[in-house]
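Below is one structure, written out as structure tokens, with a few remarks after it.
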Amino acid sequence: MASEILASATEKVKDTMSGQSSKKTTDLQKNTKDVHDKNWRITSDYGVKQANTDEWLTVTSEDKTGPMLLEDNFGREKIHRFDHERIPERVVHARGSGAFGKFTLFESAADVTSAGVLTDTSRETPVFVRFSTVLGSRGSADTVRDVRGFAVKFYTEEGNWDIVGNNIPVFFIQDSMKFPDVIHAGKPEPNNEIPQAQSAHNNFWDFQFLHSETTHMFFWTMSDRAIPRSYRMMQGFGVNTFTLTNDKGERNFVKFIFTPELGVHSFVWDEALKIAGQNPDFHRHDLWTAIENGAYPKWKFGIQTIPESQEHDFDFDILDATKVWPEELVPIRYIGELELNRNPDEFFTQTEQVAFCTSHIVPGIGFSDDPLLQGRNFSYQDTQLSRLGTNWEELPINKPVCPVMNHNRDGAMRHTITKGTVNYWPNRFEAAPPATAQEGAYIEYPQKVAGIKARTKSPKFREHINQAELFYNSLSAPEQAHLTAALGFELDHCDDPVVYKRICERLSEVDLTLAQSVAEMVGSDVPQASKRQKHNKKAKGLSQLEYAPATPTIATRRIAILIADGFDSVAYYGIKAALTAAGALPFTIAPRRNTIYPVGESKGSGKGVVPDHHLEGMRSTLFDSVFVPGGAQSIQTLRKNGRATHWIREAFGHLKAIGASGEAVQFVRDACDLPGMEFSTSGEVVESYGVVTVGQVNAEGFKEKVEMAKGATNFV
Ligand code: HDD
């Protein structure tokens with residue numbers, strides 16, 4: 001199966017414009033060449049056909065290889081181009097994956113904004129989305145504990161609009177001036193560049209303590225949100241407060257939210273750790289494969305709005321990026337849908353060169369005085385200059401689909417050739433004048449501003465713990481347990497007692513039981529109750545369990561079917577057909593990758609199955625669920641194979657749905673080693689501790705149970 005997927009992926013890659021097309025993908029065609037076109041011959045960068053790109057021009061005689069000639073401009077060009085292939089990786093969010101797609105509206109937000117992209121329900125706006133981790137470098141693993149970037153470039157008819165968000169709705173700091181500090185503290189330590197892509201070290205936690213404003217965010221990063229099962233199964237948040245202005249000139253504050261159709265699901269930590277080694281590209285591969293298979297990921301797009309007149313009606317400052325707007329106070333209004341439906345053709349020119357800027361907004365959308373956003377508006381533009389160079393907005397992936405004209409000129413790598421005798425405004429020809437409001441110009445909202453110039457913020461910015469408590473209280477018991485364990489893991493990696501002791505004190509301000517459990521685990525003084533009065537409140541929408549999809553689905557889930565010679569072919573083919581019909585991806589795993597024969601068949605019968613992987617080649621961690629068909633001989637072989645038992649036991653430990661039929665039922669029971677567990681002995685479907693057994697083949701029953709587990713498996 002896996003090889004089939006890869007083969008079909010390769011076929012599709014050959015067709016350079018595969019997947020869904022859009023105005024942007026058509027625009028990109030002008031800059032796209034297909035290397036598989038049979039007419040191509042290698043040329044130099046200046047277009048001369050080359051006969052030999054393998055050997056440098058040398059002075060040779062019959063029996064002697066002489067010196068290489070500097071004259072070889074082809075040789076020099078090839079090496080020179082290679083030497084300069086790398087550009088600086090992003091200073092944060094270096095590791096990422098992108099995809100093209102579309103944004104559609106099912107409800108106009110014309111009551112709050114004049115932006116075409118948010119009001120015209122007949123439009124299909126092309127998008128490019130890049131998901132990322134924050135701390136790791138470009139080659140780091142996908143499944144580390146970290147915030148995930150969720151950056152969306154909308155190629156609107158009025159210009160590019162970028163939402164440069166994360167999968168967590170709040171941020172560590174309130175003021176952009178602290179960004180270099182929070183990132184330096186989280187990145188590898190400066191003396192030895194250890195650790196890679198981890199927040200589990202002294203400096204990160206030192207910073208967290210010294211800035212109590214980070215408390216809310218680090219509760220999120222210690223929760224399951226920071227180890228998502230897939231980019232396709234996480235929310236996206238604009239985080240900062242923006243504004244919307246409607247045709248009447250009324251202004252609302254706004255937050256942007258994307259909620260995935262597949263629900264929000266996570267790994268358990270042990271799984272994430274192992275996958276980081278077993279398949280560091282897990283998320284990248286997952287997104288790529290889903291899109292290649294036509295299982296296009298979708299998100300509902302929502303807005304939370306607050307009229308300007310109500311800015312000060314909350315007990316937190318709505319411009320503070322360390323705060324959520326609880327849904328009870330500000331409901332989410334879902335108005336659109338984001339779909340990803342086409343993989344990039346080339347990683348570097350698209351996913352690597354795409355450049356997002358929070359300052360990229362379109363008429364009808366504006367900034368707020370959120371002090372984190374204001375600094376971001378400077379930083380992104382600035383970083384693209386060092387990453388990509390002056391004319392980075394002319395790169396194909398960054399170019400808007402609407403016309404671009406102005407009197408900015410020149411600079412390194414300018415592509416556009418602008419004809420005409422003037423390059424300034426005003427000019428005697430009235431060439432390229434500014435637009436009027438009627439022509440769609442961006443008109444700044446006439447905001448009243450008054451105050452004292454000072455390096456400070458309003459008093460509400462000084463309260464830091466209430467929402468950390470709100471978040472913690474709102475989690476389910478298993479989510480709280482995972483968070484406790486995550487803190488235990490992280491602080492165990494800090495060897496400076498000052499660091500972990502102080503954090504345990506901070507935790508007691510949020511929840512004493514949590515603080516005491518973590519303190520015991522990490523060898524800290526056990527904190528006493530803090531002076532802070534707990535509010536004991538909970539809020540909607542914070543626990544990820546609330547985001548289970550309305551209709552349970554196993555579409556795109558990876559299911560391993562474990563077999564050995566002598567397996568029950570009726571059970572095997574039955575379950576495989578049922579899973580495939582439900583859109584899941586069944587993979588056959590066996591002790592070897594050479595043909596495996598069912599009961600009654602042997603070499604030469606032509607009735608065997610070629611497994612996708614052998615037991616040592618893949619581990620249970622890389623699958624969402626495991627099914628073991630019966631067959632006396634097959635089970636006997638699997639029983640003798642320590643790895644097979646480990647597969648079952650590990651999948652059980654990771655709270656995955658496990659299915660078994662016939663003789664496999666007892667094998668699974670023994671592997672899980674739980675004497676109290678109930679198992680099916682006849683044809684009925686029995687679910688016990690998340691393990692599903694059927695005495696006889698009942699593919700439908702298993703499928704149903706996996707569907708019910710729907711990723712909440714991790715919390716069973
Ligand atoms: Fe940032 C990249 C998200 C605060 C400065 N950021 C970057 C990316 C995402 C975010 C998703 C990767 C974009 C891509 O895929 O190319 N950043 C956020 C969010 C923040 C945030 C949600 C808080 C609300 N960032 C933030 C601050 C600053 C920066 C406060 C600086 C003052 N961020 C950058 C950057 C990056 C970046 C250095 C690195 C690469 C890039 O911009 O294009 O400028």
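Lettering and numbering for the structure tokens are positional, with chains as A, B, ... in the shown order, residues counted from 1 in each chain, and ligands counted from 1 in the shown order.
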Within 8 Å of ligand 1, counting only C-alpha atoms and all ligand atoms: which residues, as a short mmCIF file (atom, residue, chain, number, x, y, z; two decimals) with C-alpha atoms, in the first residue's frame?
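Done, and the output landed in selection-v3.cif:
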data_model
loop_
_atom_site.label_atom_id
_atom_site.label_comp_id
_atom_site.auth_asym_id
_atom_site.auth_seq_id
_atom_site.Cartn_x
_atom_site.Cartn_y
_atom_site.Cartn_z
CA GLU A 89 17.01 29.50 7.34
CA ARG A 90 14.20 31.31 9.10
CA VAL A 91 15.43 32.55 12.48
CA VAL A 92 12.32 30.89 13.94
CA HIS A 93 9.89 28.47 12.25
CA ALA A 94 12.76 27.12 10.11
CA GLY A 96 8.00 23.64 7.77
CA VAL A 129 -0.32 27.70 3.77
CA ARG A 130 2.90 26.87 5.59
CA PHE A 131 2.91 24.85 8.80
CA SER A 132 6.03 24.80 10.94
CA VAL A 134 9.26 27.10 16.00
CA ARG A 148 3.17 24.86 15.38
CA GLY A 149 3.10 27.77 12.93
CA PHE A 150 -0.03 28.13 10.83
CA ALA A 151 0.68 30.83 8.23
CA VAL A 164 0.75 34.51 10.34
CA GLY A 165 -0.65 32.40 13.13
CA ASN A 166 0.03 29.46 15.39
CA ILE A 168 -2.08 27.94 20.03
CA PRO A 169 -4.27 31.03 20.54
CA VAL A 170 -1.93 32.98 22.84
CA PHE A 171 1.73 33.97 22.88
CA PHE A 172 4.56 33.93 25.42
CA ILE A 173 5.08 37.67 25.60
CA ASP A 175 5.63 43.17 23.80
CA SER A 176 7.51 42.45 20.58
CA MET A 177 10.68 43.92 22.09
CA LYS A 178 11.02 40.74 24.17
CA PHE A 179 10.89 38.45 21.14
CA PRO A 180 14.66 38.09 20.70
CA PHE A 237 -5.16 31.16 15.40
CA GLY A 238 -4.14 34.63 14.22
CA VAL A 239 -3.31 35.22 17.93
CA ASN A 240 -2.97 39.00 17.62
CA ALA A 321 -1.70 38.52 23.04
CA THR A 351 7.73 26.40 0.69
CA GLU A 352 11.15 27.86 1.50
CA VAL A 354 7.32 31.93 0.66
CA ALA A 355 7.47 34.97 2.92
CA PHE A 356 4.70 36.04 5.25
CA CYS A 357 4.20 39.46 6.83
CA LEU A 372 3.12 42.43 19.92
CA LEU A 373 1.50 42.93 16.53
CA GLY A 375 6.51 45.02 16.43
CA ARG A 376 5.75 42.02 14.23
CA ASN A 377 4.70 44.39 11.48
CA PHE A 378 8.28 45.64 11.38
CA SER A 379 10.03 42.31 11.95
CA TYR A 380 8.64 40.16 9.13
CA GLN A 381 9.35 42.62 6.34
CA ASP A 382 12.81 43.09 7.79
CA THR A 383 13.65 39.39 8.07
CA GLN A 384 12.62 38.74 4.44
#
- Task: Give me the residues within 10 Å of Asp72 in chain A as an NGL selection string, counting only C-alpha atoms and dropping any in the same chain fewer than 6 places off.
- Result: :A and (56-58)
- Message: Can you pull out the residues contacting Asn246 in chain A? Cut-off 6 Å, using only C-alpha atoms, and skip same-chain residues under 2 positions away; I want them as a list in words.
- Response: Val112, Thr113, Ser114, Lys248, Gly249 and Glu250 of chain A
- Message: List the spatial neighbours of Glu509 in chain A as a PyMOL selection string - criterion: any atom at most 8 Å away, only C-alpha atoms, same-chain residues fewer than 5 positions off excluded.
- Response: chain A and resi 465+529-532
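Secondary structure from DSSP on the backbone puts strand (DSSP E) at the following positions of range 488-572 of chain A: Arg558, Ile559, Ala560, Ile561 and Leu562 of chain A.
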Filtering to N, CA and C atoms, could you give me those residues as an mmCIF file, in the first residue's frame?
data_model
loop_
_atom_site.group_PDB
_atom_site.id
_atom_site.type_symbol
_atom_site.label_atom_id
_atom_site.label_comp_id
_atom_site.auth_asym_id
_atom_site.auth_seq_id
_atom_site.Cartn_x
_atom_site.Cartn_y
_atom_site.Cartn_z
ATOM 1 N N ARG A 558 -3.982 5.663 9.442
ATOM 2 C CA ARG A 558 -3.091 4.571 9.032
ATOM 3 C C ARG A 558 -3.347 3.358 9.924
ATOM 4 N N ILE A 559 -3.785 2.261 9.317
ATOM 5 C CA ILE A 559 -4.107 1.069 10.098
ATOM 6 C C ILE A 559 -3.178 -0.072 9.685
ATOM 7 N N ALA A 560 -2.479 -0.655 10.659
ATOM 8 C CA ALA A 560 -1.575 -1.776 10.375
ATOM 9 C C ALA A 560 -2.342 -3.087 10.518
ATOM 10 N N ILE A 561 -2.163 -3.990 9.549
ATOM 11 C CA ILE A 561 -2.742 -5.336 9.671
ATOM 12 C C ILE A 561 -1.568 -6.305 9.778
ATOM 13 N N LEU A 562 -1.499 -6.989 10.915
ATOM 14 C CA LEU A 562 -0.339 -7.855 11.201
ATOM 15 C C LEU A 562 -0.625 -9.289 10.763
#
